[in-house]
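Working notes, beginning with the structure itself.
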Amino acid sequence: MGKRRAARELALKFLYQNEFNPDDREVQMEQFCERADTHLEITEFMKVLVDKVFAHTKEVDTQLEKFSNHWALDRMSMIDRNILRLGISELLFDASTPPKVVINEAVEIAKKFGSADSPDFINGILDKVFKETGPPIVK
């Protein structure tokens with residue numbers, strides 16, 4: 001597995017953990033990275049991904065609701081919701097990774113961590129976001 005995939009998987013795990021305990025994210029992040037015991041390059045990219053999700057939560061969730069046919073976010077599985085948040089934040093706010101790579105990575109992670117329906121669900125939503133929102137807004 002590549003370093004960026006490993007970082008995306010760690011980001012998903014952190015976002016999942018954060019759903020249960022949203023307090024003091026910075027302390028949680030520090031402890032999470034210590035427990036992960038992985039290369040600095042992986043944890044640094046994971047932090048960038050997580051920070052993008054939290055910096056743009058409102059925009060990301062608005063797009064997620066729009067392109068998921070107005071599903072309530074709390075009706076989605078936590079895994080799917082957080083994979084989509086990671087993917088949408090990369091598609092909208094990071095021009096460094098090609099959109100097709102972002103989508104493919106999200107689908108592969110969904111195959112590993114989601115349900116049988118997750119890969120198709122995630123692919124459909126991220127593909128809509130990619131086609132309808134235009135190039136990333138780099139911030």
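Scheme for the structure tokens: letters A, B, ... for chains in order shown; per-chain residue numbers from 1; ligand numbers from 1 in order shown.
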
Within 9 Å of region 118-125 of chain A using only C-alpha atoms, minus same-chain residues under 3 positions, as a VMD selection string
chain A and resid 64 67 to 68 79 to 81 83 to 84 87 103 to 104 106 to 111 113 to 115 128 to 130

Requested write-out: N, CA and C atoms of the selected residues, as a PDB file, in the first residue's frame:
ATOM      1  N   LEU A  64     -21.976  17.405   0.076  1.00  0.00           N
ATOM      2  CA  LEU A  64     -22.332  16.011   0.336  1.00  0.00           C
ATOM      3  C   LEU A  64     -23.851  15.838   0.347  1.00  0.00           C
ATOM      4  N   PHE A  67     -25.256  16.382  -3.372  1.00  0.00           N
ATOM      5  CA  PHE A  67     -24.997  15.338  -4.352  1.00  0.00           C
ATOM      6  C   PHE A  67     -25.409  13.941  -3.898  1.00  0.00           C
ATOM      7  N   SER A  68     -25.865  13.816  -2.682  1.00  0.00           N
ATOM      8  CA  SER A  68     -26.362  12.512  -2.216  1.00  0.00           C
ATOM      9  C   SER A  68     -27.890  12.503  -2.237  1.00  0.00           C
ATOM     10  N   ILE A  79     -18.730   5.484   8.286  1.00  0.00           N
ATOM     11  CA  ILE A  79     -17.605   5.197   7.387  1.00  0.00           C
ATOM     12  C   ILE A  79     -17.830   5.890   6.047  1.00  0.00           C
ATOM     13  N   ASP A  80     -18.984   5.666   5.442  1.00  0.00           N
ATOM     14  CA  ASP A  80     -19.264   6.291   4.140  1.00  0.00           C
ATOM     15  C   ASP A  80     -19.204   7.807   4.229  1.00  0.00           C
ATOM     16  N   ARG A  81     -19.832   8.360   5.250  1.00  0.00           N
ATOM     17  CA  ARG A  81     -19.865   9.821   5.423  1.00  0.00           C
ATOM     18  C   ARG A  81     -18.448  10.389   5.506  1.00  0.00           C
ATOM     19  N   ILE A  83     -15.537   8.905   4.513  1.00  0.00           N
ATOM     20  CA  ILE A  83     -14.812   8.708   3.252  1.00  0.00           C
ATOM     21  C   ILE A  83     -15.221   9.813   2.272  1.00  0.00           C
ATOM     22  N   LEU A  84     -16.508  10.100   2.219  1.00  0.00           N
ATOM     23  CA  LEU A  84     -16.996  11.154   1.325  1.00  0.00           C
ATOM     24  C   LEU A  84     -16.476  12.523   1.739  1.00  0.00           C
ATOM     25  N   GLY A  87     -12.928  12.689   0.514  1.00  0.00           N
ATOM     26  CA  GLY A  87     -12.877  12.816  -0.934  1.00  0.00           C
ATOM     27  C   GLY A  87     -13.330  14.181  -1.432  1.00  0.00           C
ATOM     28  N   ILE A 103     -10.973   9.930  -6.379  1.00  0.00           N
ATOM     29  CA  ILE A 103     -12.156   9.069  -6.440  1.00  0.00           C
ATOM     30  C   ILE A 103     -11.767   7.605  -6.312  1.00  0.00           C
ATOM     31  N   ASN A 104     -10.749   7.198  -7.035  1.00  0.00           N
ATOM     32  CA  ASN A 104     -10.304   5.803  -6.979  1.00  0.00           C
ATOM     33  C   ASN A 104      -9.849   5.422  -5.573  1.00  0.00           C
ATOM     34  N   ALA A 106     -10.817   6.738  -2.753  1.00  0.00           N
ATOM     35  CA  ALA A 106     -11.997   6.664  -1.884  1.00  0.00           C
ATOM     36  C   ALA A 106     -12.753   5.358  -2.107  1.00  0.00           C
ATOM     37  N   VAL A 107     -12.885   4.948  -3.345  1.00  0.00           N
ATOM     38  CA  VAL A 107     -13.584   3.695  -3.653  1.00  0.00           C
ATOM     39  C   VAL A 107     -12.821   2.505  -3.082  1.00  0.00           C
ATOM     40  N   GLU A 108     -11.515   2.503  -3.224  1.00  0.00           N
ATOM     41  CA  GLU A 108     -10.710   1.394  -2.687  1.00  0.00           C
ATOM     42  C   GLU A 108     -10.798   1.332  -1.158  1.00  0.00           C
ATOM     43  N   ILE A 109     -10.792   2.476  -0.524  1.00  0.00           N
ATOM     44  CA  ILE A 109     -10.922   2.512   0.942  1.00  0.00           C
ATOM     45  C   ILE A 109     -12.317   2.041   1.347  1.00  0.00           C
ATOM     46  N   ALA A 110     -13.324   2.400   0.560  1.00  0.00           N
ATOM     47  CA  ALA A 110     -14.694   1.950   0.836  1.00  0.00           C
ATOM     48  C   ALA A 110     -14.807   0.435   0.724  1.00  0.00           C
ATOM     49  N   LYS A 111     -14.100  -0.152  -0.222  1.00  0.00           N
ATOM     50  CA  LYS A 111     -14.105  -1.614  -0.362  1.00  0.00           C
ATOM     51  C   LYS A 111     -13.545  -2.277   0.889  1.00  0.00           C
ATOM     52  N   PHE A 113     -13.265  -0.780   4.113  1.00  0.00           N
ATOM     53  CA  PHE A 113     -13.876  -0.416   5.393  1.00  0.00           C
ATOM     54  C   PHE A 113     -15.405  -0.305   5.366  1.00  0.00           C
ATOM     55  N   GLY A 114     -15.984  -0.168   4.195  1.00  0.00           N
ATOM     56  CA  GLY A 114     -17.422   0.052   4.106  1.00  0.00           C
ATOM     57  C   GLY A 114     -18.211  -1.221   3.901  1.00  0.00           C
ATOM     58  N   SER A 115     -19.473  -1.041   3.586  1.00  0.00           N
ATOM     59  CA  SER A 115     -20.364  -2.171   3.306  1.00  0.00           C
ATOM     60  C   SER A 115     -20.217  -2.565   1.837  1.00  0.00           C
ATOM     61  N   LYS A 128     -20.166  12.819  -9.257  1.00  0.00           N
ATOM     62  CA  LYS A 128     -21.046  13.981  -9.444  1.00  0.00           C
ATOM     63  C   LYS A 128     -20.359  15.261  -8.978  1.00  0.00           C
ATOM     64  N   VAL A 129     -19.729  15.200  -7.818  1.00  0.00           N
ATOM     65  CA  VAL A 129     -19.034  16.382  -7.299  1.00  0.00           C
ATOM     66  C   VAL A 129     -17.965  16.818  -8.289  1.00  0.00           C
ATOM     67  N   PHE A 130     -17.175  15.869  -8.759  1.00  0.00           N
ATOM     68  CA  PHE A 130     -16.097  16.164  -9.712  1.00  0.00           C
ATOM     69  C   PHE A 130     -16.643  16.799 -10.990  1.00  0.00           C
TER      70      PHE A 130
END

Enumerate, as a ChimeraX atom specification, the complete set of residues in region 30-139 of chain A that a backbone-based DSSP assignment places in alpha helix (DSSP H).
/A:30-36,40-55,57-67,78-93,99-113,118-133

Quick one: everything within 12 Å of region 19-31 of chain A, counting only C-alpha atoms, minus sequence neighbours fewer than 5 positions away in the same chain. Send it as a list of chain:residue names.
A:Leu10, A:Ala11, A:Leu12, A:Lys13, A:Phe14, A:Ala36, A:Asp37, A:Thr43, A:Glu44, A:Met46, A:Lys47, A:Val48, A:Val50, A:Asp51, A:Phe54, A:Asp74, A:Ser77, A:Met78, A:Ile79, A:Arg81, A:Asn82
